[in-house]
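Next comes model31.cif, with mmCIF, C-alpha atoms.
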data_input
#
loop_
_atom_site.group_PDB
_atom_site.id
_atom_site.type_symbol
_atom_site.label_atom_id
_atom_site.label_comp_id
_atom_site.auth_asym_id
_atom_site.auth_seq_id
_atom_site.Cartn_x
_atom_site.Cartn_y
_atom_site.Cartn_z
ATOM 1 C CA MET A 158 4.596 39.865 20.898
ATOM 2 C CA LYS A 159 6.665 38.017 18.318
ATOM 3 C CA ASN A 160 8.091 35.670 20.942
ATOM 4 C CA PHE A 161 4.579 35.011 22.259
ATOM 5 C CA LYS A 162 3.358 34.027 18.780
ATOM 6 C CA GLU A 163 6.328 31.742 18.220
ATOM 7 C CA LYS A 164 5.843 30.094 21.606
ATOM 8 C CA SER A 165 2.119 29.670 20.965
ATOM 9 C CA MET A 166 2.746 28.006 17.596
ATOM 10 C CA GLU A 167 5.388 25.787 19.166
ATOM 11 C CA ILE A 168 2.881 24.628 21.785
ATOM 12 C CA LEU A 169 0.217 24.133 19.102
ATOM 13 C CA PHE A 170 2.529 21.973 16.978
ATOM 14 C CA LEU A 171 3.497 19.962 20.048
ATOM 15 C CA LEU A 172 -0.156 19.361 20.913
ATOM 16 C CA CYS A 173 -0.872 18.221 17.346
ATOM 17 C CA ALA A 174 2.054 15.810 17.483
ATOM 18 C CA LEU A 175 0.928 14.471 20.855
ATOM 19 C CA ALA A 176 -2.635 14.060 19.542
ATOM 20 C CA SER A 177 -1.329 11.959 16.653
ATOM 21 C CA VAL A 178 0.732 9.775 18.973
ATOM 22 C CA PHE A 179 -2.193 9.443 21.396
ATOM 23 C CA SER A 180 -4.517 8.380 18.560
ATOM 24 C CA VAL A 181 -2.124 5.637 17.491
ATOM 25 C CA ILE A 182 -1.772 4.430 21.090
ATOM 26 C CA VAL A 183 -5.556 4.308 21.557
ATOM 27 C CA ILE A 184 -6.006 2.327 18.331
ATOM 28 C CA CYS A 185 -3.280 -0.121 19.354
ATOM 29 C CA VAL A 186 -4.768 -0.607 22.831
ATOM 30 C CA PHE A 187 -8.242 -1.202 21.375
ATOM 31 C CA LEU A 188 -7.001 -3.720 18.793
ATOM 32 C CA PHE A 189 -4.791 -5.720 21.114
ATOM 33 C CA ALA A 190 -7.215 -5.634 24.060
ATOM 34 C CA ASN A 191 -10.003 -7.084 21.918
ATOM 35 C CA GLY A 192 -7.973 -9.206 19.517
ATOM 36 C CA VAL A 193 -5.381 -11.001 21.659
ATOM 37 C CA PRO A 194 -7.981 -12.822 23.866
ATOM 38 C CA ALA A 195 -9.652 -14.161 20.708
ATOM 39 C CA ILE A 196 -6.304 -15.431 19.399
ATOM 40 C CA LYS A 197 -5.712 -17.198 22.722
ATOM 41 C CA GLU A 198 -9.171 -18.770 22.627
ATOM 42 C CA VAL A 199 -8.814 -20.046 19.061
ATOM 43 C CA GLY A 200 -5.154 -20.963 19.475
ATOM 44 C CA PHE A 201 -2.271 -19.029 17.964
ATOM 45 C CA PHE A 202 -1.172 -21.655 15.450
ATOM 46 C CA ASP A 203 -4.740 -22.662 14.564
ATOM 47 C CA PHE A 204 -5.571 -19.007 13.997
ATOM 48 C CA ILE A 205 -2.473 -17.951 12.025
ATOM 49 C CA PHE A 206 -1.737 -21.160 10.131
ATOM 50 C CA GLY A 207 -5.206 -22.675 9.922
ATOM 51 C CA ALA A 208 -6.281 -23.277 6.333
ATOM 52 C CA LYS A 209 -10.047 -23.327 6.951
ATOM 53 C CA TRP A 210 -12.404 -20.449 7.717
ATOM 54 C CA LYS A 211 -15.829 -21.646 8.902
ATOM 55 C CA PRO A 212 -17.328 -19.214 11.444
ATOM 56 C CA SER A 213 -20.500 -21.330 11.769
ATOM 57 C CA SER A 214 -18.345 -24.180 13.121
ATOM 58 C CA ASN A 215 -16.047 -21.909 15.150
ATOM 59 C CA ILE A 216 -13.136 -22.682 12.831
ATOM 60 C CA PHE A 217 -11.072 -19.555 12.268
ATOM 61 C CA GLY A 218 -7.939 -20.060 10.200
ATOM 62 C CA ILE A 219 -6.666 -16.927 8.452
ATOM 63 C CA TRP A 220 -3.682 -18.419 6.609
ATOM 64 C CA PRO A 221 -5.477 -18.179 3.207
ATOM 65 C CA PHE A 222 -6.075 -14.457 3.824
ATOM 66 C CA ILE A 223 -2.454 -13.847 4.845
ATOM 67 C CA VAL A 224 -1.219 -15.584 1.702
ATOM 68 C CA GLY A 225 -3.772 -13.676 -0.369
ATOM 69 C CA SER A 226 -2.633 -10.335 1.067
ATOM 70 C CA VAL A 227 1.021 -11.181 0.397
ATOM 71 C CA TYR A 228 0.321 -12.290 -3.181
ATOM 72 C CA VAL A 229 -1.803 -9.287 -4.081
ATOM 73 C CA THR A 230 0.561 -6.782 -2.451
ATOM 74 C CA ALA A 231 3.630 -8.353 -4.057
ATOM 75 C CA GLY A 232 1.910 -8.295 -7.444
ATOM 76 C CA ALA A 233 0.996 -4.631 -7.008
ATOM 77 C CA ILE A 234 4.615 -3.820 -6.118
ATOM 78 C CA ILE A 235 5.967 -5.691 -9.145
ATOM 79 C CA ILE A 236 3.547 -3.889 -11.469
ATOM 80 C CA GLY A 237 3.260 -0.452 -9.889
ATOM 81 C CA VAL A 238 6.735 0.382 -8.555
ATOM 82 C CA PRO A 239 8.759 0.164 -11.809
ATOM 83 C CA ILE A 240 6.077 2.012 -13.788
ATOM 84 C CA GLY A 241 5.729 4.654 -11.079
ATOM 85 C CA ILE A 242 9.465 5.338 -10.745
ATOM 86 C CA LEU A 243 10.058 5.451 -14.502
ATOM 87 C CA THR A 244 7.081 7.782 -14.922
ATOM 88 C CA ALA A 245 8.478 10.034 -12.189
ATOM 89 C CA VAL A 246 11.852 10.143 -13.975
ATOM 90 C CA PHE A 247 10.112 11.053 -17.220
ATOM 91 C CA MET A 248 8.030 13.748 -15.540
ATOM 92 C CA ALA A 249 11.042 15.283 -13.783
ATOM 93 C CA LYS A 250 13.719 15.150 -16.495
ATOM 94 C CA PHE A 251 12.346 14.167 -19.903
ATOM 95 C CA CYS A 252 8.780 15.500 -20.190
ATOM 96 C CA PRO A 253 8.211 18.559 -22.419
ATOM 97 C CA GLN A 254 6.646 21.454 -20.534
ATOM 98 C CA LYS A 255 3.446 21.483 -22.596
ATOM 99 C CA LEU A 256 2.897 17.764 -22.039
ATOM 100 C CA TYR A 257 3.760 18.132 -18.334
ATOM 101 C CA LYS A 258 0.961 20.648 -17.866
ATOM 102 C CA VAL A 259 -1.460 17.962 -19.051
ATOM 103 C CA LEU A 260 0.026 14.881 -17.381
ATOM 104 C CA LYS A 261 0.570 16.348 -13.914
ATOM 105 C CA PRO A 262 -3.114 17.248 -13.278
ATOM 106 C CA MET A 263 -4.161 13.845 -14.627
ATOM 107 C CA ILE A 264 -1.868 12.035 -12.187
ATOM 108 C CA ASP A 265 -3.084 14.214 -9.318
ATOM 109 C CA LEU A 266 -6.658 13.453 -10.338
ATOM 110 C CA MET A 267 -5.946 9.717 -10.151
ATOM 111 C CA ALA A 268 -5.035 10.130 -6.478
ATOM 112 C CA GLY A 269 -8.476 11.567 -5.741
ATOM 113 C CA ILE A 270 -10.550 8.885 -7.455
ATOM 114 C CA PRO A 271 -12.531 6.839 -4.851
ATOM 115 C CA SER A 272 -11.607 3.203 -4.377
ATOM 116 C CA VAL A 273 -15.058 1.997 -5.382
ATOM 117 C CA VAL A 274 -14.647 3.737 -8.763
ATOM 118 C CA TYR A 275 -11.360 1.915 -9.293
ATOM 119 C CA GLY A 276 -13.123 -1.294 -8.311
ATOM 120 C CA PHE A 277 -15.918 -0.662 -10.791
ATOM 121 C CA PHE A 278 -13.330 0.042 -13.509
ATOM 122 C CA GLY A 279 -11.591 -3.235 -12.686
ATOM 123 C CA LEU A 280 -14.882 -5.129 -12.692
ATOM 124 C CA VAL A 281 -16.045 -3.717 -16.034
ATOM 125 C CA VAL A 282 -12.719 -3.485 -17.902
ATOM 126 C CA ILE A 283 -9.940 -5.615 -16.371
ATOM 127 C CA VAL A 284 -12.006 -8.638 -15.299
ATOM 128 C CA PRO A 285 -13.472 -9.281 -18.812
ATOM 129 C CA ILE A 286 -9.984 -8.961 -20.337
ATOM 130 C CA MET A 287 -8.558 -11.483 -17.855
ATOM 131 C CA LYS A 288 -11.527 -13.779 -18.490
ATOM 132 C CA ASP A 289 -10.981 -13.707 -22.268
ATOM 133 C CA MET A 290 -7.207 -14.201 -21.960
ATOM 134 C CA PHE A 291 -6.980 -16.847 -19.224
ATOM 135 C CA GLY A 292 -10.500 -18.225 -18.780
ATOM 136 C CA GLY A 293 -12.357 -18.665 -15.521
ATOM 137 C CA SER A 294 -14.285 -15.837 -13.900
ATOM 138 C CA GLY A 295 -11.520 -13.277 -14.475
ATOM 139 C CA LYS A 296 -11.473 -12.421 -10.777
ATOM 140 C CA SER A 297 -8.091 -13.480 -9.456
ATOM 141 C CA VAL A 298 -4.836 -12.572 -7.733
ATOM 142 C CA LEU A 299 -3.501 -11.204 -11.030
ATOM 143 C CA THR A 300 -6.547 -8.997 -11.600
ATOM 144 C CA ALA A 301 -6.366 -7.554 -8.082
ATOM 145 C CA SER A 302 -2.607 -6.992 -8.452
ATOM 146 C CA ILE A 303 -3.050 -5.100 -11.717
ATOM 147 C CA LEU A 304 -5.770 -2.899 -10.237
ATOM 148 C CA LEU A 305 -3.762 -2.169 -7.078
ATOM 149 C CA GLY A 306 -0.693 -1.496 -9.209
ATOM 150 C CA ILE A 307 -2.682 1.204 -10.986
ATOM 151 C CA MET A 308 -4.043 2.607 -7.723
ATOM 152 C CA ILE A 309 -0.616 3.106 -6.102
ATOM 153 C CA LEU A 310 0.838 4.887 -9.149
ATOM 154 C CA PRO A 311 -0.170 8.470 -8.164
ATOM 155 C CA THR A 312 1.478 8.171 -4.750
ATOM 156 C CA ILE A 313 4.721 6.704 -6.057
ATOM 157 C CA ILE A 314 4.922 9.115 -9.009
ATOM 158 C CA SER A 315 4.272 12.265 -6.962
ATOM 159 C CA VAL A 316 6.684 11.473 -4.124
ATOM 160 C CA SER A 317 9.404 10.117 -6.441
ATOM 161 C CA GLU A 318 9.174 13.118 -8.759
ATOM 162 C CA SER A 319 9.546 15.506 -5.821
ATOM 163 C CA ALA A 320 12.564 13.533 -4.599
ATOM 164 C CA ILE A 321 14.240 13.661 -8.017
ATOM 165 C CA ARG A 322 13.600 17.390 -8.387
ATOM 166 C CA ALA A 323 15.087 17.967 -4.918
ATOM 167 C CA VAL A 324 18.478 16.581 -6.014
ATOM 168 C CA PRO A 325 20.920 19.463 -6.642
ATOM 169 C CA ASN A 326 21.454 20.116 -10.331
ATOM 170 C CA SER A 327 25.220 19.928 -9.735
ATOM 171 C CA TYR A 328 24.908 16.111 -9.717
ATOM 172 C CA TYR A 329 23.535 16.204 -13.249
ATOM 173 C CA GLU A 330 26.029 18.802 -14.465
ATOM 174 C CA GLY A 331 28.939 16.912 -12.922
ATOM 175 C CA ALA A 332 27.927 13.711 -14.700
ATOM 176 C CA LEU A 333 27.675 15.587 -18.001
ATOM 177 C CA ALA A 334 31.112 17.122 -17.408
ATOM 178 C CA LEU A 335 32.554 13.618 -17.032
ATOM 179 C CA GLY A 336 31.166 12.648 -20.443
ATOM 180 C CA ALA A 337 27.920 10.917 -19.483
ATOM 181 C CA THR A 338 24.882 11.235 -21.707
ATOM 182 C CA HIS A 339 21.662 12.872 -20.535
ATOM 183 C CA GLU A 340 20.083 9.489 -19.827
ATOM 184 C CA ARG A 341 23.078 8.130 -17.916
ATOM 185 C CA SER A 342 23.367 11.348 -15.911
ATOM 186 C CA VAL A 343 19.753 11.022 -14.811
ATOM 187 C CA PHE A 344 19.748 7.298 -14.073
ATOM 188 C CA PHE A 345 23.235 6.893 -12.595
ATOM 189 C CA ALA A 346 23.749 10.234 -10.843
ATOM 190 C CA MET A 347 20.415 11.797 -9.920
ATOM 191 C CA LEU A 348 18.312 8.678 -9.341
ATOM 192 C CA PRO A 349 20.677 7.129 -6.747
ATOM 193 C CA ALA A 350 20.836 10.496 -4.954
ATOM 194 C CA ALA A 351 17.028 10.533 -4.716
ATOM 195 C CA LYS A 352 16.670 6.928 -3.535
ATOM 196 C CA SER A 353 15.671 7.930 0.002
ATOM 197 C CA GLY A 354 12.670 9.925 -1.212
ATOM 198 C CA ILE A 355 11.796 7.308 -3.812
ATOM 199 C CA LEU A 356 11.811 4.605 -1.134
ATOM 200 C CA ALA A 357 9.453 6.750 0.952
ATOM 201 C CA GLY A 358 7.069 6.895 -2.011
ATOM 202 C CA VAL A 359 7.255 3.130 -2.417
ATOM 203 C CA ILE A 360 6.465 2.640 1.295
ATOM 204 C CA LEU A 361 3.406 4.888 1.011
ATOM 205 C CA GLY A 362 2.287 3.006 -2.101
ATOM 206 C CA VAL A 363 2.705 -0.374 -0.417
ATOM 207 C CA GLY A 364 0.757 0.912 2.580
ATOM 208 C CA ARG A 365 -2.159 1.790 0.333
ATOM 209 C CA ALA A 366 -1.968 -1.574 -1.442
ATOM 210 C CA ILE A 367 -2.085 -3.509 1.835
ATOM 211 C CA GLY A 368 -4.929 -1.459 3.284
ATOM 212 C CA GLU A 369 -7.107 -1.330 0.177
ATOM 213 C CA THR A 370 -10.423 -3.119 0.595
ATOM 214 C CA MET A 371 -13.356 -2.156 -1.612
ATOM 215 C CA ALA A 372 -11.604 -2.368 -4.976
ATOM 216 C CA VAL A 373 -9.989 -5.691 -4.028
ATOM 217 C CA ILE A 374 -13.315 -7.217 -2.982
ATOM 218 C CA MET A 375 -14.805 -6.396 -6.376
ATOM 219 C CA VAL A 376 -12.086 -8.045 -8.495
ATOM 220 C CA SER A 377 -10.298 -10.667 -6.369
ATOM 221 C CA GLY A 378 -12.882 -13.455 -6.417
ATOM 222 C CA ASN A 379 -13.359 -13.468 -2.612
ATOM 223 C CA LYS A 380 -12.486 -17.157 -2.061
ATOM 224 C CA THR A 381 -11.572 -18.403 1.400
ATOM 225 C CA LYS A 382 -8.819 -20.796 0.368
ATOM 226 C CA VAL A 383 -5.117 -20.594 -0.409
ATOM 227 C CA PRO A 384 -4.723 -19.688 -4.108
ATOM 228 C CA GLY A 385 -2.915 -22.295 -6.172
ATOM 229 C CA SER A 386 -1.881 -19.806 -8.846
ATOM 230 C CA ILE A 387 -2.176 -16.139 -9.746
ATOM 231 C CA PHE A 388 -5.310 -16.975 -11.739
ATOM 232 C CA ASP A 389 -7.251 -18.235 -8.701
ATOM 233 C CA GLY A 390 -9.630 -16.151 -6.637
ATOM 234 C CA VAL A 391 -8.460 -14.876 -3.266
ATOM 235 C CA ARG A 392 -9.594 -12.997 -0.160
ATOM 236 C CA THR A 393 -7.281 -10.610 1.671
ATOM 237 C CA LEU A 394 -7.180 -9.738 5.368
ATOM 238 C CA THR A 395 -8.935 -6.411 4.845
ATOM 239 C CA SER A 396 -11.553 -7.964 2.574
ATOM 240 C CA ASN A 397 -12.337 -10.616 5.160
ATOM 241 C CA ILE A 398 -12.886 -8.016 7.879
ATOM 242 C CA VAL A 399 -15.165 -5.830 5.761
ATOM 243 C CA THR A 400 -17.102 -8.750 4.288
ATOM 244 C CA GLU A 401 -18.102 -10.320 7.607
ATOM 245 C CA MET A 402 -17.980 -7.548 10.223
ATOM 246 C CA GLY A 403 -21.543 -6.439 9.420
ATOM 247 C CA TYR A 404 -23.136 -9.630 10.735
ATOM 248 C CA ALA A 405 -20.423 -11.025 13.041
ATOM 249 C CA ALA A 406 -21.099 -11.443 16.762
ATOM 250 C CA ASP A 407 -19.384 -12.761 19.884
ATOM 251 C CA LEU A 408 -16.259 -14.831 19.090
ATOM 252 C CA HIS A 409 -16.647 -14.285 15.358
ATOM 253 C CA ARG A 410 -16.477 -10.512 15.825
ATOM 254 C CA GLU A 411 -13.519 -10.771 18.189
ATOM 255 C CA VAL A 412 -11.669 -12.943 15.682
ATOM 256 C CA LEU A 413 -12.200 -10.318 12.990
ATOM 257 C CA ILE A 414 -10.652 -7.732 15.326
ATOM 258 C CA ALA A 415 -7.801 -10.187 15.868
ATOM 259 C CA THR A 416 -7.409 -10.281 12.095
ATOM 260 C CA ALA A 417 -6.960 -6.510 12.223
ATOM 261 C CA VAL A 418 -4.193 -7.073 14.807
ATOM 262 C CA VAL A 419 -2.426 -9.411 12.391
ATOM 263 C CA LEU A 420 -2.814 -6.833 9.627
ATOM 264 C CA PHE A 421 -1.382 -4.148 11.916
ATOM 265 C CA VAL A 422 1.660 -6.319 12.711
ATOM 266 C CA PHE A 423 1.983 -7.185 9.027
ATOM 267 C CA ILE A 424 2.180 -3.515 8.042
ATOM 268 C CA LEU A 425 4.591 -2.801 10.911
ATOM 269 C CA ILE A 426 6.954 -5.559 9.742
ATOM 270 C CA ILE A 427 6.929 -4.227 6.181
ATOM 271 C CA ASN A 428 7.685 -0.673 7.356
ATOM 272 C CA LEU A 429 10.519 -1.915 9.565
ATOM 273 C CA ALA A 430 11.928 -3.930 6.676
ATOM 274 C CA PHE A 431 11.905 -0.860 4.428
ATOM 275 C CA SER A 432 13.536 1.200 7.196
ATOM 276 C CA VAL A 433 16.349 -1.344 7.566
ATOM 277 C CA LEU A 434 16.800 -1.414 3.800
ATOM 278 C CA LYS A 435 16.952 2.375 3.730
ATOM 279 C CA ARG A 436 19.604 2.500 6.471
ATOM 280 C CA ARG A 437 21.745 -0.118 4.755
ATOM 281 C CA SER A 438 21.543 1.696 1.436
ATOM 282 C CA GLU A 439 22.693 4.890 3.136
#

Go through the file and emit its structure as structure tokens.
Amino acid sequence: MKNFKEKSMEILFLLCALASVFSVIVICVFLFANGVPAIKEVGFFDFIFGAKWKPSSNIFGIWPFIVGSVYVTAGAIIIGVPIGILTAVFMAKFCPQKLYKVLKPMIDLMAGIPSVVYGFFGLVVIVPIMKDMFGGSGKSVLTASILLGIMILPTIISVSESAIRAVPNSYYEGALALGATHERSVFFAMLPAAKSGILAGVILGVGRAIGETMAVIMVSGNKTKVPGSIFDGVRTLTSNIVTEMGYAADLHREVLIATAVVLFVFILIINLAFSVLKRRSE
């Protein structure tokens, strides 16, 4: 009976894994089958490197959206990753127990807040601050980066904290035995040992930043041109798809699906880059 249960669970887990793989394959087939013909019709270089987006004139250049996605994601990484990792270190090794009982639920709660609520917060709080400080409408690359940096914090903090806590305490004790202070033992012994898990948290955070749509639409300015500075409005790949998919038809709709193909490849390249970085660091 015990062997039957174990075999049944093994088959169940295998089926779940196969279902996940099958789902990814189906999504890929759908995207590429509908998107690649549109890219061929528009022209690869005109589509990827075109600086103008005018669906009414059958001009479909997504270069401004690619640049916008790169700018906003890079800004979110610069803002969110250092804060997230340092917060995780504090939570794991420096936070008093009473304070931890308050902070941990708050961080977990941040992960469950809907994107539209974050977007509303950015629109009501961050945008006016940016407008008062730098002028303009306040909706810009910088505003979107700050908001996304806040949104990826729960993911990075939770995964990084778990990775730090998983490091054997002997690393810390060994560093202390060699004369290191508490801070140096944490940052130079435990943190490097947890870098694999921390990098996984960063990858998950970057994935959310790239795929975020609603919050970005509300604070980015939604302009279909290459931003000249971090204070200019911008439209990302995801924002462009969501903004126009509701009324798009024929070639316009196919081009939006092709934009999703570019986004898919974009995310794949980033994940591969992080994987190579992880292997080299090991």

Per residue of segment 209-303 of chain A within 7 Å of segment 394-409 of chain A, which atom pair is closest and at what distance in Å (one decimal), using all atoms listed in the file, listed by chain and increasing number, as JSON lines?
{"residue": "A:Pro212", "atom": "CA", "partner": "A:His409", "partner_atom": "CA", "distance": 6.3}
{"residue": "A:Phe222", "atom": "CA", "partner": "A:Leu394", "partner_atom": "CA", "distance": 5.1}
{"residue": "A:Ile223", "atom": "CA", "partner": "A:Leu394", "partner_atom": "CA", "distance": 6.3}
{"residue": "A:Ser226", "atom": "CA", "partner": "A:Leu394", "partner_atom": "CA", "distance": 6.3}

Can you list every residue of segment 352-434 of chain A that has an atom at most 8 Å from segment 260-283 of chain A, with its nearest atom pair and the distance in Å to one decimal, using all atoms listed in the file, ordered by chain then number, as a Markdown table?
| residue | atom | partner | partner_atom | distance |
| --- | --- | --- | --- | --- |
| A:Glu369 | CA | A:Ser272 | CA | 7.8 |
| A:Met371 | CA | A:Val273 | CA | 5.9 |
| A:Ala372 | CA | A:Gly276 | CA | 3.8 |
| A:Val373 | CA | A:Gly276 | CA | 6.9 |
| A:Ile374 | CA | A:Gly276 | CA | 8.0 |
| A:Met375 | CA | A:Gly276 | CA | 5.7 |
| A:Val376 | CA | A:Leu280 | CA | 5.8 |

Could you take the residues named above and write them with C-alpha atoms, as an mmCIF file, in the coordinates of the input?
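Written output follows (selection.cif):
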data_model
loop_
_atom_site.group_PDB
_atom_site.id
_atom_site.type_symbol
_atom_site.label_atom_id
_atom_site.label_comp_id
_atom_site.auth_asym_id
_atom_site.auth_seq_id
_atom_site.Cartn_x
_atom_site.Cartn_y
_atom_site.Cartn_z
ATOM 1 C CA GLU A 369 -7.107 -1.330 0.177
ATOM 2 C CA MET A 371 -13.356 -2.156 -1.612
ATOM 3 C CA ALA A 372 -11.604 -2.368 -4.976
ATOM 4 C CA VAL A 373 -9.989 -5.691 -4.028
ATOM 5 C CA ILE A 374 -13.315 -7.217 -2.982
ATOM 6 C CA MET A 375 -14.805 -6.396 -6.376
ATOM 7 C CA VAL A 376 -12.086 -8.045 -8.495
#

Distance table requested - segment 191-262 of chain A against segment 352-357 of chain A, cut-off 12 Å, all atoms listed in the file: one row per qualifying residue with the closest atom pair and its distance in Å to one decimal, ordered by chain and rising residue number, as a tab-separated table.
residue	atom	partner	partner_atom	distance
A:Val238	CA	A:Ile355	CA	9.8
A:Pro239	CA	A:Ile355	CA	11.1
A:Gly241	CA	A:Ile355	CA	9.8
A:Ile242	CA	A:Ile355	CA	7.6
A:Leu243	CA	A:Ile355	CA	11.0
A:Ala245	CA	A:Ile355	CA	9.4
A:Val246	CA	A:Ile355	CA	10.6

Return as a PyMOL selection string the set of residues that the PyMOL selection byres ((chain A and resi 347) around 10) yields on the displayed structure.
-> chain A and resi 246+250+320-329+332+341-346+348-352

Give me, as a tab-separated table, the closest atom pair and its distance (Å, one decimal) for every residue of segment 187-224 of chain A within a cut-off of 9 Å of segment 413-421 of chain A, counting all atoms listed in the file, rows sorted by chain and rising number.
residue	atom	partner	partner_atom	distance
A:Leu188	CA	A:Val418	CA	5.9
A:Phe189	CA	A:Val418	CA	6.5
A:Asn191	CA	A:Ile414	CA	6.7
A:Gly192	CA	A:Ala415	CA	3.8
A:Val193	CA	A:Ala415	CA	6.3
A:Pro194	CA	A:Ala415	CA	8.4
A:Ala195	CA	A:Ala415	CA	6.5
A:Ile196	CA	A:Ala415	CA	6.5
A:Ile205	CA	A:Val419	CA	8.5
A:Ile219	CA	A:Thr416	CA	7.6
A:Ile223	CA	A:Leu420	CA	8.5

Interatomic distance (Å, one decimal) between atom CA of Thr381 of chain A and atom CA of Gly225 of chain A = 9.3 Å

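Atom to atom, atom CA of Val227 of chain A and atom CA of Val298 of chain A stand 10.1 Å apart.
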
If you count only C-alpha atoms, which residues fall within 8 Å of Ser297 of chain A, apart from same-chain ones fewer than 3 positions away, as a PDB file with C-alpha atoms, keeping the file's coordinate frame?
ATOM      1  CA  SER A 294     -14.285 -15.837 -13.900  1.00  0.00           C
ATOM      2  CA  THR A 300      -6.547  -8.997 -11.600  1.00  0.00           C
ATOM      3  CA  ALA A 301      -6.366  -7.554  -8.082  1.00  0.00           C
ATOM      4  CA  VAL A 376     -12.086  -8.045  -8.495  1.00  0.00           C
ATOM      5  CA  SER A 377     -10.298 -10.667  -6.369  1.00  0.00           C
ATOM      6  CA  GLY A 378     -12.882 -13.455  -6.417  1.00  0.00           C
ATOM      7  CA  ILE A 387      -2.176 -16.139  -9.746  1.00  0.00           C
ATOM      8  CA  PHE A 388      -5.310 -16.975 -11.739  1.00  0.00           C
ATOM      9  CA  ASP A 389      -7.251 -18.235  -8.701  1.00  0.00           C
ATOM     10  CA  GLY A 390      -9.630 -16.151  -6.637  1.00  0.00           C
ATOM     11  CA  VAL A 391      -8.460 -14.876  -3.266  1.00  0.00           C
TER      12      VAL A 391
END

Return as JSON the box centre and box size in Å, one decimal, for an axis-aligned box around all listed atoms of segment 348-367 of chain A padded by 5 Å per side.
{"center_x": 9.3, "center_y": 3.5, "center_z": -3.4, "size_x": 33.0, "size_y": 24.0, "size_z": 21.9}

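Here atom CA of Ala233 of chain A and atom CA of Ile303 of chain A stand 6.2 Å from one another.
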
Min atom-atom distance to Val363 of chain A from the set A:Ile427, A:Leu333, A:Ile307, A:Lys162, counting only C-alpha atoms, belongs to A:Ile427

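When only C-alpha atoms are used to measure the gap to Ile235 of chain A, the shortest distance among A:Leu310, A:Leu175, A:Met290, A:Arg436 belongs to A:Leu310.
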
Expanded to explicit residues, what is the PyMOL selection byres ((chain A and resi 217) around 9) for this file, as a PyMOL selection string?
-> chain A and resi 199+203-205+207-212+214-216+218-219+409+412

Nearest to Thr312 of chain A, chosen from A:Gly358, A:Gly293, A:Gly385, A:Pro221, with all atoms listed in the file counted in the distances | A:Gly358

Pop segment 220-224 of chain A out of the structure in the block and write all heavy atoms as a short mmCIF file (atom, residue, chain, number, x, y, z; two decimals), in the first residue's frame.
data_model
loop_
_atom_site.label_atom_id
_atom_site.label_comp_id
_atom_site.auth_asym_id
_atom_site.auth_seq_id
_atom_site.Cartn_x
_atom_site.Cartn_y
_atom_site.Cartn_z
N TRP A 220 10.76 50.59 -31.17
CA TRP A 220 12.01 50.95 -30.49
C TRP A 220 11.78 51.84 -29.27
O TRP A 220 12.42 51.63 -28.23
CB TRP A 220 12.96 51.63 -31.48
CG TRP A 220 14.29 51.99 -30.89
CD1 TRP A 220 14.78 53.24 -30.68
CD2 TRP A 220 15.30 51.08 -30.42
NE1 TRP A 220 16.02 53.17 -30.11
CE2 TRP A 220 16.38 51.87 -29.94
CE3 TRP A 220 15.39 49.69 -30.35
CZ2 TRP A 220 17.53 51.30 -29.41
CZ3 TRP A 220 16.54 49.12 -29.82
CH2 TRP A 220 17.58 49.92 -29.35
N PRO A 221 10.89 52.85 -29.33
CA PRO A 221 10.64 53.66 -28.12
C PRO A 221 10.16 52.83 -26.94
O PRO A 221 10.51 53.12 -25.78
CB PRO A 221 9.57 54.65 -28.57
CG PRO A 221 9.73 54.73 -30.05
CD PRO A 221 10.12 53.35 -30.47
N PHE A 222 9.37 51.79 -27.20
CA PHE A 222 8.85 50.95 -26.11
C PHE A 222 9.93 50.03 -25.55
O PHE A 222 9.95 49.74 -24.35
CB PHE A 222 7.66 50.13 -26.61
CG PHE A 222 6.65 50.93 -27.40
CD1 PHE A 222 6.03 50.40 -28.52
CD2 PHE A 222 6.32 52.22 -27.01
CE1 PHE A 222 5.11 51.14 -29.24
CE2 PHE A 222 5.40 52.97 -27.73
CZ PHE A 222 4.80 52.43 -28.85
N ILE A 223 10.83 49.57 -26.42
CA ILE A 223 11.95 48.75 -25.95
C ILE A 223 12.86 49.58 -25.04
O ILE A 223 13.24 49.15 -23.95
CB ILE A 223 12.75 48.18 -27.14
CG1 ILE A 223 11.89 47.19 -27.93
CG2 ILE A 223 14.03 47.50 -26.66
CD1 ILE A 223 12.57 46.67 -29.19
N VAL A 224 13.19 50.78 -25.51
CA VAL A 224 14.03 51.67 -24.70
C VAL A 224 13.33 52.02 -23.39
O VAL A 224 13.96 52.02 -22.32
CB VAL A 224 14.36 52.96 -25.49
CG1 VAL A 224 15.10 53.96 -24.60
CG2 VAL A 224 15.19 52.64 -26.72
#
